[in-house]
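K.L.:
My questions will all concern the structure given below.
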Amino acid sequence: MIIRQEEPNDYCEVYELIKEAFSTTEYTDGNEQNLAAALRKGTAFIPELSLVAEMNGELVGHIMFTTAVVGGDEILALAPLSVKPRYQHQGVGTALIKEGHKIARQLGYEYSLVLGSETYYPRTGYRPAVQFGIEVPEGFPPENFMAVKLQEAAKPISGVVIYAKEFGL
C-alpha cells in the first residue's frame, strides 16, 4: 500500500471513493463527498494532510484533516476518513490516520479531533475530548467526540471547538 498526498487529478476518483465508502453506512447523510469538496476550497484546508491510500494503482482510501479552533488555539479536525468497502478492516484507515498524525506532528500540530465511531477511533489513540479540556459542541454525543494529543509536550487547551464553516456546525 502506498500513502501519498492527494493531488488535484485525484479529486474525481476520491469523490467516488468517498461516496462508495459511505454508501453502506447507516449513520450518514450521504454528503461526505460534497463536504470533502467544500473543505478543499475553504481556508481550513491543509493540502499536506489530505492523503490517499493506493493499492495496485487503485485509490482505496482517503483522509482529510482541517484546522479547528479551541479556546483560541488552532488544532486539527479529522473528516472524513473513507475506505472502499472491500478494503475495510484491512488496516487502510489506520495507516491513513497514522501517516496523517506523523505529518501533523512534523507540521507542529498538538491535537487532533474527530467526531466518529466510539469503537474504531480509540484503537488509533483518540479518547473522549473532555479528557483534554475540549468541550463537546451542543447536540453531539460525548462518546463520539474524541481527541488525541499529537505532541508529548502539548500545552493544555480548553474550550468549545469551532469547526470550519464548511462543516455547517
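By convention in this document, the chains of the C-alpha cells carry letters A, B, ... by their order, each chain's residues are numbered from 1, and ligands are numbered from 1 in the order they are shown.
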I want to know what sits within 8 Å of Val92 in chain A, based on only C-alpha atoms, with residues of the same chain fewer than 4 positions away left out; could you give that as a list in words?

P.N.:
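Residues near the query, excluding close chain neighbours: Ala53, Val60, Gly61, Val83, Tyr87, Gln88 and Leu96 of chain A.
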
K.L.:
Please save C-alpha atoms of the selected residues as a PDB file, in the first residue's frame.

P.N.:
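Output below, filename part_29.pdb:
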ATOM      1  CA  ALA A  53      -4.091   5.175   0.013  1.00  0.00           C
ATOM      2  CA  VAL A  60      -8.748   2.605  -1.856  1.00  0.00           C
ATOM      3  CA  GLY A  61      -8.778   5.163   0.940  1.00  0.00           C
ATOM      4  CA  VAL A  83     -12.104   3.389   2.798  1.00  0.00           C
ATOM      5  CA  TYR A  87     -10.775  -2.796   1.688  1.00  0.00           C
ATOM      6  CA  GLN A  88     -12.296  -2.074   5.099  1.00  0.00           C
ATOM      7  CA  LEU A  96      -4.010   6.760   6.809  1.00  0.00           C
TER       8      LEU A  96
END

K.L.:
Write out, as a tab-separated table, each residue of range 129-155 of chain A that has an atom at most 10 Å from range 67-79 of chain A, together with the closest pair of atoms and their distance in Å to one decimal, counting only C-alpha atoms, rows going by chain and rising number.

P.N.:
residue	atom	partner	partner_atom	distance
A:Gly133	CA	A:Val70	CA	9.2
A:Ile134	CA	A:Val70	CA	7.0
A:Glu135	CA	A:Val70	CA	8.7
A:Met146	CA	A:Ala77	CA	10.0
A:Ala147	CA	A:Ala77	CA	8.8
A:Val148	CA	A:Leu76	CA	9.8
A:Lys149	CA	A:Ile75	CA	10.0
A:Leu150	CA	A:Leu76	CA	9.9
A:Lys155	CA	A:Asp73	CA	9.9

K.L.:
I need the chosen residues saved as a compact mmCIF listing (two decimals), in the first residue's frame, with C-alpha atoms.

P.N.:
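Output file again-v5.txt follows:
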# COMPACT_ATOMS: atom_id res chain seq x y z
CA GLY A 133 -10.39 20.12 28.15
CA ILE A 134 -12.28 20.26 24.86
CA GLU A 135 -15.99 20.81 25.36
CA MET A 146 -12.78 12.43 20.59
CA ALA A 147 -9.29 13.91 20.53
CA VAL A 148 -5.70 12.73 20.51
CA LYS A 149 -2.62 14.56 21.73
CA LEU A 150 -0.06 14.54 18.92
CA LYS A 155 0.18 22.69 26.08

K.L.:
Using the chain letters and numbers from this document, which residues of chain A does DSSP assign to alpha helix (DSSP H), as a ChimeraX atom specification?

P.N.:
/A:11-22,32-41,92-107

K.L.:
Show which residues sit within 10 Å of range 30-47 of chain A, as a PyMOL selection string. Count only C-alpha atoms, and ignore same-chain residues fewer than 4 positions away.

P.N.:
chain A and resi 5-8+11-12+14-26+51+63-68+76-77+79-82+104+163-168

K.L.:
Write the residues you've just listed into a file as a PDB file, in the first residue's frame, and include C-alpha atoms for each of them.

P.N.:
ATOM      1  CA  GLN A   5      -0.651  13.374  -0.655  1.00  0.00           C
ATOM      2  CA  GLU A   6      -3.855  13.836  -2.597  1.00  0.00           C
ATOM      3  CA  GLU A   7      -3.394  15.687  -5.890  1.00  0.00           C
ATOM      4  CA  PRO A   8      -5.967  17.691  -7.875  1.00  0.00           C
ATOM      5  CA  TYR A  11     -10.387  14.654  -6.878  1.00  0.00           C
ATOM      6  CA  CYS A  12     -12.925  12.881  -9.136  1.00  0.00           C
ATOM      7  CA  VAL A  14     -11.713  10.478  -4.412  1.00  0.00           C
ATOM      8  CA  TYR A  15     -15.244  11.871  -4.760  1.00  0.00           C
ATOM      9  CA  GLU A  16     -16.466   8.458  -5.959  1.00  0.00           C
ATOM     10  CA  LEU A  17     -14.368   6.646  -3.326  1.00  0.00           C
ATOM     11  CA  ILE A  18     -15.948   8.660  -0.505  1.00  0.00           C
ATOM     12  CA  LYS A  19     -19.427   8.162  -1.930  1.00  0.00           C
ATOM     13  CA  GLU A  20     -18.859   4.383  -2.157  1.00  0.00           C
ATOM     14  CA  ALA A  21     -17.275   4.188   1.309  1.00  0.00           C
ATOM     15  CA  PHE A  22     -20.266   5.799   2.999  1.00  0.00           C
ATOM     16  CA  SER A  23     -22.935   4.064   0.881  1.00  0.00           C
ATOM     17  CA  THR A  24     -23.131   1.160   3.344  1.00  0.00           C
ATOM     18  CA  THR A  25     -23.101   3.298   6.490  1.00  0.00           C
ATOM     19  CA  GLU A  26     -26.350   3.893   8.353  1.00  0.00           C
ATOM     20  CA  LEU A  51      -3.950  11.842   1.825  1.00  0.00           C
ATOM     21  CA  ILE A  63      -8.305  11.036   4.775  1.00  0.00           C
ATOM     22  CA  MET A  64      -8.517  14.762   5.261  1.00  0.00           C
ATOM     23  CA  PHE A  65      -7.621  16.965   8.204  1.00  0.00           C
ATOM     24  CA  THR A  66      -8.606  20.619   8.511  1.00  0.00           C
ATOM     25  CA  THR A  67      -7.975  23.227  11.150  1.00  0.00           C
ATOM     26  CA  ALA A  68     -10.343  23.923  14.036  1.00  0.00           C
ATOM     27  CA  LEU A  76      -6.776  19.638  13.697  1.00  0.00           C
ATOM     28  CA  ALA A  77     -10.130  18.125  12.859  1.00  0.00           C
ATOM     29  CA  ALA A  79     -13.007  14.483   8.495  1.00  0.00           C
ATOM     30  CA  PRO A  80     -13.787  12.489   6.540  1.00  0.00           C
ATOM     31  CA  LEU A  81     -11.907   9.183   6.653  1.00  0.00           C
ATOM     32  CA  SER A  82     -13.036   6.921   3.815  1.00  0.00           C
ATOM     33  CA  ALA A 104       0.752  16.704  11.575  1.00  0.00           C
ATOM     34  CA  TYR A 163     -15.029  23.880  13.223  1.00  0.00           C
ATOM     35  CA  ALA A 164     -14.521  25.307   9.749  1.00  0.00           C
ATOM     36  CA  LYS A 165     -17.751  26.850   8.445  1.00  0.00           C
ATOM     37  CA  GLU A 166     -17.918  24.176   5.708  1.00  0.00           C
ATOM     38  CA  PHE A 167     -18.888  21.606   8.367  1.00  0.00           C
ATOM     39  CA  GLY A 168     -22.113  23.520   8.939  1.00  0.00           C
TER      40      GLY A 168
END

K.L.:
Check chain A with DSSP on the backbone and list each residue it calls strand (DSSP E or B), as a PyMOL selection string.

P.N.:
chain A and resi 2-5+45-55+58-70+73-83+111-115+127-128+134-135+145-149+159-162

K.L.:
Take the residues from that selection and write them out as a PDB file, in the first residue's frame, keeping C-alpha atoms.

P.N.:
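Okay, part.pdb is ready:
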ATOM      1  CA  ILE A   2       1.208   3.473  -0.878  1.00  0.00           C
ATOM      2  CA  ILE A   3       0.039   6.504   1.091  1.00  0.00           C
ATOM      3  CA  ARG A   4       0.615   9.831  -0.592  1.00  0.00           C
ATOM      4  CA  GLN A   5      -0.651  13.374  -0.655  1.00  0.00           C
ATOM      5  CA  PHE A  45      -7.910  23.053   4.275  1.00  0.00           C
ATOM      6  CA  ILE A  46      -4.397  21.657   4.803  1.00  0.00           C
ATOM      7  CA  PRO A  47      -3.182  20.129   1.500  1.00  0.00           C
ATOM      8  CA  GLU A  48      -0.317  18.268   3.210  1.00  0.00           C
ATOM      9  CA  LEU A  49      -2.908  16.452   5.339  1.00  0.00           C
ATOM     10  CA  SER A  50      -5.226  15.341   2.552  1.00  0.00           C
ATOM     11  CA  LEU A  51      -3.950  11.842   1.825  1.00  0.00           C
ATOM     12  CA  VAL A  52      -4.889   8.872  -0.331  1.00  0.00           C
ATOM     13  CA  ALA A  53      -4.091   5.175   0.013  1.00  0.00           C
ATOM     14  CA  GLU A  54      -3.343   3.355  -3.210  1.00  0.00           C
ATOM     15  CA  MET A  55      -3.126  -0.368  -3.965  1.00  0.00           C
ATOM     16  CA  GLU A  58      -6.377   1.986  -7.392  1.00  0.00           C
ATOM     17  CA  LEU A  59      -7.296   4.574  -4.772  1.00  0.00           C
ATOM     18  CA  VAL A  60      -8.748   2.605  -1.856  1.00  0.00           C
ATOM     19  CA  GLY A  61      -8.778   5.163   0.940  1.00  0.00           C
ATOM     20  CA  HIS A  62      -8.744   8.879   1.688  1.00  0.00           C
ATOM     21  CA  ILE A  63      -8.305  11.036   4.775  1.00  0.00           C
ATOM     22  CA  MET A  64      -8.517  14.762   5.261  1.00  0.00           C
ATOM     23  CA  PHE A  65      -7.621  16.965   8.204  1.00  0.00           C
ATOM     24  CA  THR A  66      -8.606  20.619   8.511  1.00  0.00           C
ATOM     25  CA  THR A  67      -7.975  23.227  11.150  1.00  0.00           C
ATOM     26  CA  ALA A  68     -10.343  23.923  14.036  1.00  0.00           C
ATOM     27  CA  VAL A  69     -10.070  26.291  16.994  1.00  0.00           C
ATOM     28  CA  VAL A  70     -10.366  25.523  20.707  1.00  0.00           C
ATOM     29  CA  ASP A  73      -5.657  27.564  19.770  1.00  0.00           C
ATOM     30  CA  GLU A  74      -5.535  26.055  16.296  1.00  0.00           C
ATOM     31  CA  ILE A  75      -5.820  22.274  16.273  1.00  0.00           C
ATOM     32  CA  LEU A  76      -6.776  19.638  13.697  1.00  0.00           C
ATOM     33  CA  ALA A  77     -10.130  18.125  12.859  1.00  0.00           C
ATOM     34  CA  LEU A  78     -10.218  14.770  11.049  1.00  0.00           C
ATOM     35  CA  ALA A  79     -13.007  14.483   8.495  1.00  0.00           C
ATOM     36  CA  PRO A  80     -13.787  12.489   6.540  1.00  0.00           C
ATOM     37  CA  LEU A  81     -11.907   9.183   6.653  1.00  0.00           C
ATOM     38  CA  SER A  82     -13.036   6.921   3.815  1.00  0.00           C
ATOM     39  CA  VAL A  83     -12.104   3.389   2.798  1.00  0.00           C
ATOM     40  CA  TYR A 111      -4.053  17.905  18.968  1.00  0.00           C
ATOM     41  CA  SER A 112      -6.476  16.288  16.545  1.00  0.00           C
ATOM     42  CA  LEU A 113     -10.247  15.950  16.934  1.00  0.00           C
ATOM     43  CA  VAL A 114     -12.705  13.538  15.403  1.00  0.00           C
ATOM     44  CA  LEU A 115     -16.436  13.105  15.556  1.00  0.00           C
ATOM     45  CA  ARG A 127     -10.004   9.444  23.613  1.00  0.00           C
ATOM     46  CA  PRO A 128     -13.044  11.421  24.787  1.00  0.00           C
ATOM     47  CA  ILE A 134     -12.282  20.264  24.862  1.00  0.00           C
ATOM     48  CA  GLU A 135     -15.987  20.808  25.358  1.00  0.00           C
ATOM     49  CA  PHE A 145     -16.440  13.376  20.158  1.00  0.00           C
ATOM     50  CA  MET A 146     -12.784  12.428  20.593  1.00  0.00           C
ATOM     51  CA  ALA A 147      -9.289  13.910  20.527  1.00  0.00           C
ATOM     52  CA  VAL A 148      -5.696  12.729  20.513  1.00  0.00           C
ATOM     53  CA  LYS A 149      -2.619  14.562  21.732  1.00  0.00           C
ATOM     54  CA  GLY A 159     -12.909  25.486  25.382  1.00  0.00           C
ATOM     55  CA  VAL A 160     -15.607  24.618  22.882  1.00  0.00           C
ATOM     56  CA  VAL A 161     -14.366  23.556  19.463  1.00  0.00           C
ATOM     57  CA  ILE A 162     -15.099  25.799  16.500  1.00  0.00           C
TER      58      ILE A 162
END

K.L.:
Any idea what the distance is between CA of Pro137 in chain A and CA of Thr119 in chain A?

P.N.:
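Atom-to-atom, CA of Pro137 in chain A to CA of Thr119 in chain A, that is 20.2 Å.
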
K.L.:
Between CA of Val130 in chain A and CA of Pro142 in chain A, what is the distance, to one decimal in Å?

P.N.:
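CA of Val130 in chain A sits 8.0 Å away from CA of Pro142 in chain A.
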
K.L.:
What separation in Å, quoted to one decimal, exists between CA of Lys84 in chain A and CA of Ala129 in chain A?

P.N.:
27.7 Å

K.L.:
From the options A:Pro141, A:Tyr121, A:Gln151, A:Asn56, which residue's atoms come nearest to Leu107 in chain A, counting only C-alpha atoms?

P.N.:
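Once distances to Leu107 in chain A are computed over only C-alpha atoms, the minimum belongs to A:Gln151.
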
K.L.:
Can you tell me, as a PyMOL selection string, what residues are no more than 10 Å from Ala154 in chain A when counting only C-alpha atoms, ignoring any on the same chain fewer than 6 positions away?

P.N.:
chain A and resi 108-111

K.L.:
Write to file, as an mmCIF file, in the first residue's frame, the residues of the selection just made, with N, CA and C atoms.

P.N.:
data_model
loop_
_atom_site.group_PDB
_atom_site.id
_atom_site.type_symbol
_atom_site.label_atom_id
_atom_site.label_comp_id
_atom_site.auth_asym_id
_atom_site.auth_seq_id
_atom_site.Cartn_x
_atom_site.Cartn_y
_atom_site.Cartn_z
ATOM 1 N N GLY A 108 3.821 20.596 13.405
ATOM 2 C CA GLY A 108 3.721 21.262 14.699
ATOM 3 C C GLY A 108 2.354 21.246 15.353
ATOM 4 N N TYR A 109 1.402 20.510 14.797
ATOM 5 C CA TYR A 109 0.082 20.438 15.417
ATOM 6 C C TYR A 109 0.160 19.615 16.696
ATOM 7 N N GLU A 110 -0.597 20.039 17.710
ATOM 8 C CA GLU A 110 -0.527 19.399 19.022
ATOM 9 C C GLU A 110 -1.693 18.459 19.304
ATOM 10 N N TYR A 111 -2.870 18.717 18.716
ATOM 11 C CA TYR A 111 -4.053 17.905 18.968
ATOM 12 C C TYR A 111 -4.810 17.671 17.665
#
